[in-house]
Structure formats: C-alpha cells, structure tokens
file model.cif (mmCIF, C-alpha atoms)
data_upload
#
loop_
_atom_site.label_atom_id
_atom_site.label_comp_id
_atom_site.auth_asym_id
_atom_site.auth_seq_id
_atom_site.Cartn_x
_atom_site.Cartn_y
_atom_site.Cartn_z
CA MET Q 1 -62.95 -241.92 23.22
CA ILE Q 2 -63.55 -238.21 23.65
CA ASP Q 3 -66.27 -236.68 21.49
CA ARG Q 4 -65.17 -233.76 19.39
CA TYR Q 5 -67.94 -231.49 20.65
CA LEU Q 6 -66.52 -231.82 24.16
CA LEU Q 7 -63.15 -230.58 22.92
CA ARG Q 8 -64.89 -227.62 21.30
CA TYR Q 9 -66.72 -226.81 24.54
CA PHE Q 10 -63.46 -227.02 26.47
CA LEU Q 11 -61.51 -224.81 24.05
CA SER Q 12 -64.35 -222.31 23.87
CA VAL Q 13 -64.31 -221.84 27.65
CA ILE Q 14 -60.57 -221.11 27.44
CA ASP Q 15 -60.99 -218.67 24.56
CA GLN Q 16 -64.07 -216.89 25.90
CA GLY Q 17 -63.03 -216.77 29.54
CA ASN Q 18 -66.31 -217.98 31.05
CA PHE Q 19 -69.08 -220.53 30.56
CA SER Q 20 -71.84 -218.17 29.42
CA LYS Q 21 -69.79 -216.63 26.59
CA ALA Q 22 -68.47 -220.06 25.62
CA ALA Q 23 -72.01 -221.43 25.38
CA ALA Q 24 -73.04 -218.54 23.13
CA ALA Q 25 -70.01 -219.12 20.91
CA CYS Q 26 -70.91 -222.81 20.61
CA ASN Q 27 -74.62 -222.04 20.00
CA VAL Q 28 -75.75 -224.09 22.99
CA SER Q 29 -77.29 -223.20 26.36
CA GLN Q 30 -75.03 -222.70 29.34
CA PRO Q 31 -76.44 -225.76 31.17
CA THR Q 32 -75.72 -227.88 28.08
CA LEU Q 33 -72.14 -226.66 27.94
CA SER Q 34 -71.68 -227.16 31.70
CA VAL Q 35 -72.94 -230.73 31.43
CA GLY Q 36 -70.50 -231.31 28.55
CA ILE Q 37 -67.54 -229.97 30.54
CA ALA Q 38 -68.52 -232.11 33.52
CA LYS Q 39 -68.68 -235.17 31.25
CA LEU Q 40 -65.24 -234.37 29.85
CA GLU Q 41 -63.80 -234.01 33.35
CA ARG Q 42 -65.28 -237.40 34.34
CA GLU Q 43 -63.74 -239.01 31.29
CA MET Q 44 -60.38 -237.42 32.03
CA GLY Q 45 -60.58 -238.21 35.74
CA ARG Q 46 -59.39 -234.70 36.56
CA ALA Q 47 -60.86 -231.26 37.14
CA LEU Q 48 -59.95 -229.08 34.17
CA PHE Q 49 -61.13 -225.71 35.49
CA HIS Q 50 -61.06 -223.78 38.74
CA ARG Q 51 -64.50 -222.18 38.98
CA THR Q 52 -65.20 -219.01 40.97
CA ASN Q 53 -67.95 -216.39 40.81
CA LYS Q 54 -65.75 -213.99 38.85
CA ARG Q 55 -63.57 -216.10 36.60
CA VAL Q 56 -62.71 -219.53 35.25
CA GLU Q 57 -59.10 -220.68 35.23
CA LEU Q 58 -57.41 -223.82 33.99
CA THR Q 59 -56.11 -226.31 36.52
CA GLU Q 60 -52.65 -227.75 35.98
CA ALA Q 61 -54.23 -230.80 34.36
CA GLY Q 62 -56.42 -228.54 32.22
CA ALA Q 63 -53.40 -226.57 31.00
CA ARG Q 64 -51.66 -229.79 29.96
CA PHE Q 65 -54.78 -231.10 28.24
CA ALA Q 66 -55.30 -227.79 26.40
CA VAL Q 67 -52.13 -228.34 24.36
CA HIS Q 68 -53.38 -231.70 23.12
CA ALA Q 69 -56.94 -230.46 22.60
CA ARG Q 70 -55.71 -227.63 20.36
CA ARG Q 71 -53.63 -230.03 18.32
CA ILE Q 72 -56.46 -232.56 17.98
CA GLU Q 73 -58.96 -229.88 16.91
CA ALA Q 74 -56.46 -228.48 14.41
CA GLU Q 75 -56.00 -231.97 12.92
CA PHE Q 76 -59.76 -232.45 12.71
CA ALA Q 77 -60.09 -229.20 10.80
CA HIS Q 78 -57.17 -230.04 8.54
CA ALA Q 79 -58.62 -233.47 7.76
CA GLU Q 80 -61.99 -231.95 6.90
CA ARG Q 81 -60.38 -229.51 4.46
CA GLU Q 82 -58.36 -232.28 2.85
CA VAL Q 83 -61.41 -234.52 2.36
CA ARG Q 84 -63.47 -231.67 0.95
CA GLY Q 85 -60.66 -230.71 -1.39
CA THR Q 86 -60.80 -227.09 -0.31
CA THR Q 87 -57.83 -224.75 -0.13
CA VAL Q 88 -59.41 -222.53 2.54
CA GLN Q 89 -56.97 -222.00 5.40
CA ALA Q 90 -57.84 -222.02 9.08
CA THR Q 91 -57.65 -218.77 11.00
CA VAL Q 92 -54.12 -218.05 12.22
CA ARG Q 93 -54.10 -216.30 15.58
CA LEU Q 94 -51.01 -214.11 15.52
CA GLY Q 95 -49.69 -212.42 18.65
CA LEU Q 96 -47.90 -209.11 18.16
CA LEU Q 97 -45.55 -207.25 20.46
CA PRO Q 98 -46.85 -203.65 20.84
CA THR Q 99 -43.36 -202.22 20.21
CA LEU Q 100 -43.30 -203.44 16.60
CA PRO Q 101 -43.50 -200.57 14.07
CA GLY Q 102 -46.92 -200.21 12.48
CA ALA Q 103 -45.25 -200.04 9.05
CA TRP Q 104 -44.11 -203.64 9.48
CA ILE Q 105 -47.63 -204.87 10.19
CA GLU Q 106 -49.03 -202.79 7.32
CA ALA Q 107 -46.48 -204.31 4.92
CA PHE Q 108 -47.52 -207.79 6.07
CA LEU Q 109 -51.25 -207.17 5.70
CA THR Q 110 -50.91 -205.63 2.23
CA ARG Q 111 -49.25 -208.85 1.08
CA LEU Q 112 -52.00 -211.03 2.50
CA HIS Q 113 -54.59 -212.12 -0.07
CA PRO Q 114 -58.17 -213.08 0.97
CA SER Q 115 -57.60 -216.57 -0.40
CA ASP Q 116 -54.66 -217.01 1.98
CA GLY Q 117 -57.06 -217.47 4.89
CA ARG Q 118 -58.02 -215.40 7.88
CA VAL Q 119 -55.69 -213.90 10.45
CA GLU Q 120 -56.60 -212.71 13.93
CA LEU Q 121 -54.17 -210.18 15.43
CA VAL Q 122 -53.73 -210.25 19.20
CA GLU Q 123 -51.52 -207.55 20.73
CA GLY Q 124 -49.82 -208.01 24.08
CA ARG Q 125 -46.62 -207.47 25.98
CA GLU Q 126 -44.03 -210.23 25.97
CA ARG Q 127 -45.28 -211.88 29.16
CA GLU Q 128 -48.88 -211.74 27.97
CA LEU Q 129 -47.99 -213.32 24.64
CA LEU Q 130 -46.08 -216.11 26.37
CA GLU Q 131 -49.08 -216.83 28.58
CA ARG Q 132 -51.43 -216.93 25.59
CA LEU Q 133 -49.06 -219.27 23.75
CA ALA Q 134 -48.89 -221.57 26.77
CA ARG Q 135 -52.68 -221.67 27.03
CA GLY Q 136 -53.13 -222.20 23.30
CA ARG Q 137 -55.04 -218.94 22.87
CA ILE Q 138 -52.78 -217.87 20.00
CA ASP Q 139 -50.93 -220.02 17.48
CA VAL Q 140 -47.78 -218.01 16.91
CA ALA Q 141 -46.29 -214.77 18.19
CA LEU Q 142 -44.04 -212.20 16.57
CA THR Q 143 -42.10 -211.11 19.62
CA LEU Q 144 -38.75 -211.12 21.38
CA VAL Q 145 -36.71 -214.31 21.11
CA HIS Q 146 -34.16 -214.98 23.83
CA GLY Q 147 -33.08 -218.45 22.77
CA ASP Q 148 -34.18 -220.12 26.00
CA HIS Q 149 -37.93 -220.34 25.39
CA ARG Q 150 -39.90 -223.49 26.05
CA PHE Q 151 -41.63 -222.88 22.74
CA ALA Q 152 -40.38 -223.78 19.28
CA HIS Q 153 -38.91 -220.56 17.95
CA GLU Q 154 -37.48 -219.06 14.80
CA PRO Q 155 -35.26 -215.95 15.07
CA LEU Q 156 -35.78 -213.54 12.17
CA PHE Q 157 -33.51 -210.54 12.76
CA ARG Q 158 -31.80 -208.35 15.34
CA GLU Q 159 -31.97 -204.59 15.72
CA GLY Q 160 -30.49 -202.00 18.02
CA TYR Q 161 -31.86 -198.85 19.62
CA ALA Q 162 -31.31 -195.21 18.66
CA LEU Q 163 -32.40 -191.74 19.63
CA ALA Q 164 -35.44 -190.06 18.11
CA LEU Q 165 -35.01 -186.28 17.70
CA PRO Q 166 -36.99 -183.59 15.89
CA ALA Q 167 -35.51 -183.12 12.41
CA GLY Q 168 -34.71 -179.49 13.30
CA HIS Q 169 -32.89 -180.36 16.53
CA ARG Q 170 -29.37 -178.94 16.92
CA LEU Q 171 -27.94 -182.50 17.07
CA ALA Q 172 -30.17 -184.09 14.44
CA GLY Q 173 -27.43 -184.19 11.80
CA ARG Q 174 -25.04 -186.21 13.97
CA VAL Q 175 -24.35 -189.91 13.40
CA ALA Q 176 -23.99 -190.60 17.13
CA ILE Q 177 -24.66 -188.54 20.26
CA GLU Q 178 -23.17 -188.95 23.72
CA ALA Q 179 -25.63 -189.20 26.59
CA GLU Q 180 -23.90 -186.26 28.30
CA GLU Q 181 -24.81 -184.02 25.35
CA LEU Q 182 -28.48 -184.49 26.22
CA ALA Q 183 -28.15 -183.36 29.83
CA GLY Q 184 -30.34 -180.31 29.30
CA GLU Q 185 -32.89 -182.00 27.07
CA THR Q 186 -36.52 -182.81 27.79
CA MET Q 187 -37.30 -186.48 27.25
CA ILE Q 188 -40.31 -188.65 26.47
CA VAL Q 189 -40.71 -191.99 28.22
CA ARG Q 190 -41.92 -194.99 26.20
CA ARG Q 191 -43.40 -196.90 29.11
CA GLN Q 192 -43.76 -200.18 27.18
CA CYS Q 193 -40.12 -200.25 26.05
CA GLU Q 194 -38.31 -203.56 26.76
CA MET Q 195 -35.10 -201.60 27.39
CA LEU Q 196 -36.60 -198.92 29.64
CA ALA Q 197 -34.54 -199.96 32.66
CA ALA Q 198 -31.36 -200.29 30.63
CA THR Q 199 -31.92 -196.86 29.06
CA SER Q 200 -32.47 -195.28 32.46
CA ARG Q 201 -29.27 -196.85 33.81
CA HIS Q 202 -27.32 -195.63 30.76
CA PHE Q 203 -28.26 -191.99 31.35
CA THR Q 204 -28.07 -192.13 35.15
CA ALA Q 205 -24.56 -193.62 35.05
CA ARG Q 206 -23.47 -190.59 33.02
CA GLY Q 207 -25.04 -188.08 35.38
CA VAL Q 208 -27.94 -187.26 33.05
CA ARG Q 209 -31.27 -186.82 34.82
CA PRO Q 210 -33.59 -185.13 32.32
CA PHE Q 211 -37.03 -183.68 32.78
CA PHE Q 212 -39.71 -186.05 31.47
CA ALA Q 213 -42.42 -184.15 29.62
CA ALA Q 214 -44.57 -187.15 28.72
CA ARG Q 215 -45.02 -190.85 29.40
CA THR Q 216 -46.83 -192.90 26.78
CA THR Q 217 -47.50 -196.52 25.82
CA SER Q 218 -48.03 -195.58 22.15
CA ASP Q 219 -45.00 -195.47 19.88
CA GLU Q 220 -46.95 -193.59 17.23
CA ARG Q 221 -47.75 -190.90 19.81
CA ALA Q 222 -44.13 -190.84 20.97
CA LEU Q 223 -43.03 -190.14 17.41
CA ALA Q 224 -45.64 -187.40 17.06
CA LEU Q 225 -44.47 -185.78 20.30
CA VAL Q 226 -40.87 -185.90 19.13
CA ARG Q 227 -41.79 -184.43 15.73
CA ALA Q 228 -43.69 -181.61 17.47
CA GLY Q 229 -40.57 -180.73 19.45
CA LEU Q 230 -41.78 -181.75 22.91
CA GLY Q 231 -38.70 -183.84 23.63
CA VAL Q 232 -36.45 -186.71 22.59
CA THR Q 233 -36.60 -190.45 23.28
CA VAL Q 234 -34.90 -193.79 22.68
CA MET Q 235 -36.62 -196.44 20.57
CA PRO Q 236 -35.83 -199.44 18.36
CA GLU Q 237 -34.13 -198.66 15.05
CA GLY Q 238 -37.09 -199.95 13.04
CA PHE Q 239 -39.18 -196.86 13.80
CA HIS Q 240 -39.06 -194.09 11.20
CA ALA Q 241 -41.27 -191.09 10.59
CA PRO Q 242 -41.09 -187.86 8.57
CA GLY Q 243 -39.63 -185.03 10.61
CA VAL Q 244 -37.83 -187.39 13.01
CA ALA Q 245 -34.06 -188.00 12.98
CA ARG Q 246 -32.60 -191.30 14.28
CA PRO Q 247 -28.96 -190.82 15.33
CA LYS Q 248 -27.18 -193.44 17.44
CA LEU Q 249 -26.91 -193.15 21.20
CA ALA Q 250 -23.16 -193.56 21.73
CA ASP Q 251 -22.06 -196.61 23.75
CA PHE Q 252 -25.61 -197.94 24.04
CA ALA Q 253 -25.14 -201.44 22.66
CA GLU Q 254 -28.47 -203.01 23.62
CA VAL Q 255 -30.17 -205.05 20.89
CA ARG Q 256 -33.36 -207.06 20.60
CA GLU Q 257 -33.94 -210.21 18.58
CA ILE Q 258 -37.31 -210.47 16.88
CA GLY Q 259 -38.69 -213.83 15.83
CA LEU Q 260 -41.57 -216.26 15.84
CA LEU Q 261 -42.64 -218.36 18.81
CA TYR Q 262 -44.97 -221.29 18.13
CA ALA Q 263 -47.57 -222.69 20.50
CA ALA Q 264 -47.26 -226.36 21.37
CA HIS Q 265 -50.50 -227.29 19.59
CA VAL Q 266 -49.27 -226.24 16.12
CA GLU Q 267 -46.76 -227.78 13.77
CA PRO Q 268 -44.21 -225.03 13.10
CA ALA Q 269 -43.23 -226.38 9.67
CA ARG Q 270 -46.83 -226.47 8.46
CA LEU Q 271 -47.61 -223.01 9.78
CA ARG Q 272 -44.33 -221.58 8.46
CA ASP Q 273 -45.07 -222.91 4.97
CA GLY Q 274 -48.58 -221.42 5.02
CA ALA Q 275 -49.58 -218.26 3.20
CA VAL Q 276 -50.01 -216.15 6.34
CA LEU Q 277 -46.48 -216.54 7.66
CA ARG Q 278 -45.02 -216.26 4.16
CA ALA Q 279 -46.78 -212.90 3.86
CA LEU Q 280 -45.58 -211.91 7.31
CA THR Q 281 -41.90 -212.66 6.76
CA GLY Q 282 -41.99 -211.20 3.26
CA GLY Q 283 -43.64 -208.03 4.53
CA LEU Q 284 -41.09 -207.64 7.31
CA GLU Q 285 -38.19 -208.01 4.89
CA ALA Q 286 -39.69 -205.46 2.48
CA ALA Q 287 -40.50 -202.94 5.21
CA ARG Q 288 -37.07 -203.13 6.78
CA ALA Q 289 -35.32 -202.91 3.40
CA SER Q 290 -37.24 -199.78 2.41
CA ALA Q 291 -36.71 -197.93 5.71
#

call {"tool": "encode", "arguments": {"input": "model.cif", "output": "structure tokens"}}
result
Amino acid sequence: MIDRYLLRYFLSVIDQGNFSKAAAACNVSQPTLSVGIAKLEREMGRALFHRTNKRVELTEAGARFAVHARRIEAEFAHAEREVRGTTVQATVRLGLLPTLPGAWIEAFLTRLHPSDGRVELVEGRERELLERLARGRIDVALTLVHGDHRFAHEPLFREGYALALPAGHRLAGRVAIEAEELAGETMIVRRQCEMLAATSRHFTARGVRPFFAARTTSDERALALVRAGLGVTVMPEGFHAPGVARPKLADFAEVREIGLLYAAHVEPARLRDGAVLRALTGGLEAARASA
C-alpha cells in the first residue's frame, strides 16, 4: 500500500520541476523528500524520474504512474470534502490557448463566484497544453480540438478567420476582400497563429508578397497596431476591437474548432458539472453572442 504523502511528494516534484522546490512546497527538507521518492520507487519497482544536474524528468514508468497518482489524490481530496460536508471545490487548473480573445476569458471570470472554488490559469501553445495534460500538470484545456486526441474531449464551437483592418481603411466597408486587393498593403504577422502557414500560402499563391511591418505574439498588440494604421492582419473571427473592421478574406475557408480537452486523471463528467466549467462555457456563449 502506497502512503498518501509519497504520492504528494511525487506530484509535487512534477509540478515544481525539481526536488528543492518540491520539498519547499511540501514543507519538508529536501533530503526527506528525496528519501520519500526513493521509497516510492522501491515500492513501484521502477525509477520514476531521470535525474540530472539541471532538471528532473519523468521516466516512461513515471509518466504512466502520474496519471493514476493524480486520480488517486483527486479522489482523496474529494472524499475528505464529502466527509467534512464542505462545498469548497478543489482548484481547477485550466490551460488556455494564447490565441483566445481576452474578452472570452474576462466573460468567464466575471461569472465565477468565490464560492465556486479556485481556478489556476495556465497559458500555452497547443503542443505545450497537450504535454501538460499528458503529465497531469493541468486538469483541462480550452484549446483546439481535432477529433483525434488521445484525451477525452468536448467540442464547443467552430470559427473562421477574417481580416483585421483599420476602421478608416479604404476597404473597411466591404463584406469580403480578395487577397489580390491587398497586394500593396503593409501587413502584421501574428507569430502564434495556428493558421500562419496556411495564410502565407493563400497570399503567395495569389502573387501577394506584402511588406511586414511588425511581428508579434500578442493579439492585443496586433489589434492596437491595426487600429493605429500600421498594417492589416488575419485573425480568428472572435477578435473584435473599437476602430478595427473585420471583413472576410475571400476564398479563405480555414476554420478552427475550440473545445475542452480533459487530462486522464480527471473525470470529465464531474469536472463538466462543476461550477468552474459551467462559468467557462456560459461566459464563452455570452461573449460570442454579444460580439
């Protein structure tokens, strides 16, 4: 039988990234934590971590065990709350794709009541979120859903992409704009865009090779640059801002599906029925409806 404190040591090393920070998080000395991890590895009959001078990484056996350890610890915490008769919710670690509009996240957070429990927001690109889900470092991610994930997933909605132009631009009043009409335009590159390669191919295939005045990983900055008249860009339809027009890019049919991906250590139904995800989905619906 594995003692619970050993599971906590193990999970803390994963979450903190090294033994010294994990020991501090568990309020024990580093030698004590190291002895605990060694005991756990003896009981499991497998090494759980690769140890080097610079970093600590899970072994293959450790990665498999992490899924079960997260689930067991979550059940321990749930049982404690049930016995105590408390309605306090555990912290939900929510991964967020950086290309989600800030208005969506704001709408979610304004719906979240303190009594609903705590939420920890973890931003990362799609690959980073998938890695954190696999390692159990987040519980659920609001990200792209392709339908072939190894994680339990729940599609929420689909959206396309459109141009972002200054409101005073000569083409701002158009419903759709051909790529060729932008041949002389200055453009802004959203470096984190999931469709960056597809967008580049779309313009190149039509002989459009614009001057790029800026490259940014911030969508809020991209909108500000567009509004200031520096250039135009392509971004998901969910982004809106005063002074920015969003006409269609003709014949650009790319779409993205946004949804929830659940880590293996959580029960999707239980998490979905919890206050945090109810506030999240409700906030997304309200924000998209009001745009």

call {"tool": "atom_distance", "arguments": {"input": "model.cif", "atom1": "atom CA of Val255 of chain Q", "atom2": "atom CA of Glu159 of chain Q"}}
result
5.5 Å

call {"tool": "closest_residue", "arguments": {"input": "model.cif", "among": "Q:Ala24, Q:Ile105, Q:Leu260, Q:Leu171", "to": "Ala286 of chain Q", "atoms": "all atoms listed in the file"}}
result
Q:Ile105

call {"tool": "resolve_selection", "arguments": {"input": "model.cif", "expression": "the PyMOL selection byres ((chain Q and resi 144) around 12)", "output": "ChimeraX atom specification"}}
result
/Q:95-100,124-127,129-130,141-143,145-149,153-159,193-195,255-261

call {"tool": "residues_around", "arguments": {"input": "model.cif", "residues": "Leu182 of chain Q", "least_positions_apart": "6", "cutoff": "10 Å", "atoms": "all atoms listed in the file", "output": "list in words"}}
result
Leu171, Phe203, Val208, Arg209, Pro210 and Val232 of chain Q

call {"tool": "atom_distance", "arguments": {"input": "model.cif", "atom1": "atom CA of Thr216 of chain Q", "atom2": "atom CA of Thr281 of chain Q"}}
result
28.6 Å

call {"tool": "atom_distance", "arguments": {"input": "model.cif", "atom1": "atom CA of Phe49 of chain Q", "atom2": "atom CA of Val140 of chain Q"}}
result
24.1 Å

call {"tool": "resolve_selection", "arguments": {"input": "model.cif", "expression": "the PyMOL selection byres ((chain Q and resi 267-279) around 9)", "output": "PyMOL selection string"}}
result
chain Q and resi 71+89+92+107-113+115-119+139-140+152-153+261-266+280-284

call {"tool": "resolve_selection", "arguments": {"input": "model.cif", "expression": "the PyMOL selection byres ((chain Q and resi 178) around 8)", "output": "list in words"}}
result
Ala176, Ile177, Ala179, Glu180, Glu181, Leu182, Leu249, Ala250 and Asp251 of chain Q

call {"tool": "residues_around", "arguments": {"input": "model.cif", "residues": "segment 32-37 of chain Q", "least_positions_apart": "2", "cutoff": "12 Å", "atoms": "all atoms listed in the file", "output": "VMD selection string"}}
result
chain Q and resid 2 to 14 18 to 30 39 to 49 51 62

call {"tool": "closest_residue", "arguments": {"input": "model.cif", "among": "Q:Pro242, Q:Arg70, Q:Phe212, Q:His169", "to": "Ala224 of chain Q", "atoms": "all atoms listed in the file"}}
result
Q:Pro242

call {"tool": "residues_around", "arguments": {"input": "model.cif", "residues": "Leu196 of chain Q", "least_positions_apart": "6", "cutoff": "12 Å", "atoms": "only C-alpha atoms", "output": "MDAnalysis selection string"}}
result
chainID Q and resid 161 188:190 202:203 215 217 233:236 254

call {"tool": "closest_residue", "arguments": {"input": "model.cif", "among": "Q:Ala134, Q:Leu121, Q:Ala167, Q:Ala79", "to": "Val67 of chain Q", "atoms": "all atoms listed in the file"}}
result
Q:Ala134

call {"tool": "axis_aligned_box", "arguments": {"input": "model.cif", "around": "segment 148-157 of chain Q", "padding_each_side": "8 Å", "output": "AutoDock Vina command-line options"}}
result
--center_x -37.6 --center_y -217.2 --center_z 19.1 --size_x 24.1 --size_y 29.2 --size_z 29.9

call {"tool": "closest_residue", "arguments": {"input": "model.cif", "among": "Q:Leu163, Q:Thr91, Q:Ala198, Q:His50", "to": "Pro114 of chain Q", "atoms": "all atoms listed in the file"}}
result
Q:Thr91

call {"tool": "build_atoms", "arguments": {"input": "model.cif", "residues": "segment 118-129 of chain Q", "atoms": "all heavy atoms", "output": "compact mmCIF listing (two decimals), in the coordinates of the input"}}
result
# COMPACT_ATOMS: atom_id res chain seq x y z
N ARG Q 118 -57.78 -216.50 6.94
CA ARG Q 118 -58.02 -215.40 7.88
C ARG Q 118 -56.89 -215.33 8.91
O ARG Q 118 -56.26 -216.32 9.25
CB ARG Q 118 -59.34 -215.59 8.60
CG ARG Q 118 -60.55 -215.59 7.67
CD ARG Q 118 -61.84 -215.56 8.45
NE ARG Q 118 -61.95 -216.68 9.37
CZ ARG Q 118 -62.98 -216.89 10.19
NH1 ARG Q 118 -63.98 -216.02 10.19
NH2 ARG Q 118 -63.01 -217.92 11.00
N VAL Q 119 -56.66 -214.11 9.38
CA VAL Q 119 -55.69 -213.90 10.45
C VAL Q 119 -56.34 -213.07 11.55
O VAL Q 119 -57.10 -212.14 11.27
CB VAL Q 119 -54.42 -213.21 9.91
CG1 VAL Q 119 -54.72 -211.83 9.36
CG2 VAL Q 119 -53.36 -213.12 11.00
N GLU Q 120 -56.11 -213.46 12.77
CA GLU Q 120 -56.60 -212.71 13.93
C GLU Q 120 -55.38 -212.15 14.66
O GLU Q 120 -54.50 -212.91 15.09
CB GLU Q 120 -57.39 -213.63 14.86
CG GLU Q 120 -57.88 -212.93 16.13
CD GLU Q 120 -58.57 -213.89 17.09
OE1 GLU Q 120 -58.90 -215.02 16.68
OE2 GLU Q 120 -58.76 -213.49 18.26
N LEU Q 121 -55.30 -210.83 14.79
CA LEU Q 121 -54.17 -210.18 15.43
C LEU Q 121 -54.47 -209.95 16.91
O LEU Q 121 -55.50 -209.38 17.26
CB LEU Q 121 -53.86 -208.85 14.74
CG LEU Q 121 -53.58 -208.92 13.23
CD1 LEU Q 121 -53.25 -207.53 12.69
CD2 LEU Q 121 -52.46 -209.90 12.92
N VAL Q 122 -53.57 -210.38 17.75
CA VAL Q 122 -53.73 -210.25 19.20
C VAL Q 122 -52.49 -209.54 19.74
O VAL Q 122 -51.39 -210.09 19.72
CB VAL Q 122 -53.89 -211.62 19.88
CG1 VAL Q 122 -54.07 -211.45 21.38
CG2 VAL Q 122 -55.05 -212.40 19.27
N GLU Q 123 -52.66 -208.31 20.23
CA GLU Q 123 -51.52 -207.55 20.73
C GLU Q 123 -51.34 -207.77 22.22
O GLU Q 123 -52.30 -207.87 22.98
CB GLU Q 123 -51.73 -206.06 20.46
CG GLU Q 123 -50.51 -205.20 20.76
CD GLU Q 123 -50.70 -203.76 20.32
OE1 GLU Q 123 -50.59 -203.50 19.11
OE2 GLU Q 123 -50.96 -202.91 21.19
N GLY Q 124 -50.09 -207.85 22.65
CA GLY Q 124 -49.82 -208.01 24.08
C GLY Q 124 -48.34 -207.88 24.35
O GLY Q 124 -47.50 -208.08 23.47
N ARG Q 125 -48.01 -207.53 25.58
CA ARG Q 125 -46.62 -207.47 25.98
C ARG Q 125 -46.03 -208.88 25.99
O ARG Q 125 -46.75 -209.87 25.93
CB ARG Q 125 -46.49 -206.82 27.35
CG ARG Q 125 -46.86 -205.35 27.37
CD ARG Q 125 -46.44 -204.68 28.65
NE ARG Q 125 -46.71 -203.24 28.63
CZ ARG Q 125 -46.23 -202.39 29.52
NH1 ARG Q 125 -45.46 -202.83 30.50
NH2 ARG Q 125 -46.52 -201.10 29.45
N GLU Q 126 -44.72 -208.94 26.09
CA GLU Q 126 -44.03 -210.23 25.97
C GLU Q 126 -44.60 -211.27 26.93
O GLU Q 126 -44.91 -212.39 26.52
CB GLU Q 126 -42.53 -210.04 26.22
CG GLU Q 126 -41.75 -211.33 26.06
CD GLU Q 126 -40.28 -211.16 26.41
OE1 GLU Q 126 -39.91 -210.12 27.00
OE2 GLU Q 126 -39.50 -212.09 26.12
N ARG Q 127 -44.77 -210.91 28.18
CA ARG Q 127 -45.28 -211.88 29.16
C ARG Q 127 -46.70 -212.32 28.81
O ARG Q 127 -47.04 -213.50 28.97
CB ARG Q 127 -45.25 -211.25 30.56
CG ARG Q 127 -45.73 -212.18 31.66
CD ARG Q 127 -45.67 -211.50 33.01
NE ARG Q 127 -44.30 -211.14 33.36
CZ ARG Q 127 -43.97 -210.52 34.49
NH1 ARG Q 127 -44.92 -210.21 35.38
NH2 ARG Q 127 -42.72 -210.24 34.75
N GLU Q 128 -47.50 -211.40 28.34
CA GLU Q 128 -48.88 -211.74 27.97
C GLU Q 128 -48.91 -212.68 26.77
O GLU Q 128 -49.71 -213.63 26.73
CB GLU Q 128 -49.66 -210.46 27.64
CG GLU Q 128 -49.84 -209.54 28.83
CD GLU Q 128 -50.37 -208.17 28.45
OE1 GLU Q 128 -50.17 -207.75 27.29
OE2 GLU Q 128 -51.00 -207.52 29.30
N LEU Q 129 -48.04 -212.45 25.81
CA LEU Q 129 -47.99 -213.32 24.64
C LEU Q 129 -47.52 -214.72 25.03
O LEU Q 129 -48.06 -215.72 24.54
CB LEU Q 129 -47.06 -212.74 23.58
CG LEU Q 129 -47.51 -211.43 22.94
CD1 LEU Q 129 -46.49 -210.96 21.91
CD2 LEU Q 129 -48.88 -211.57 22.29
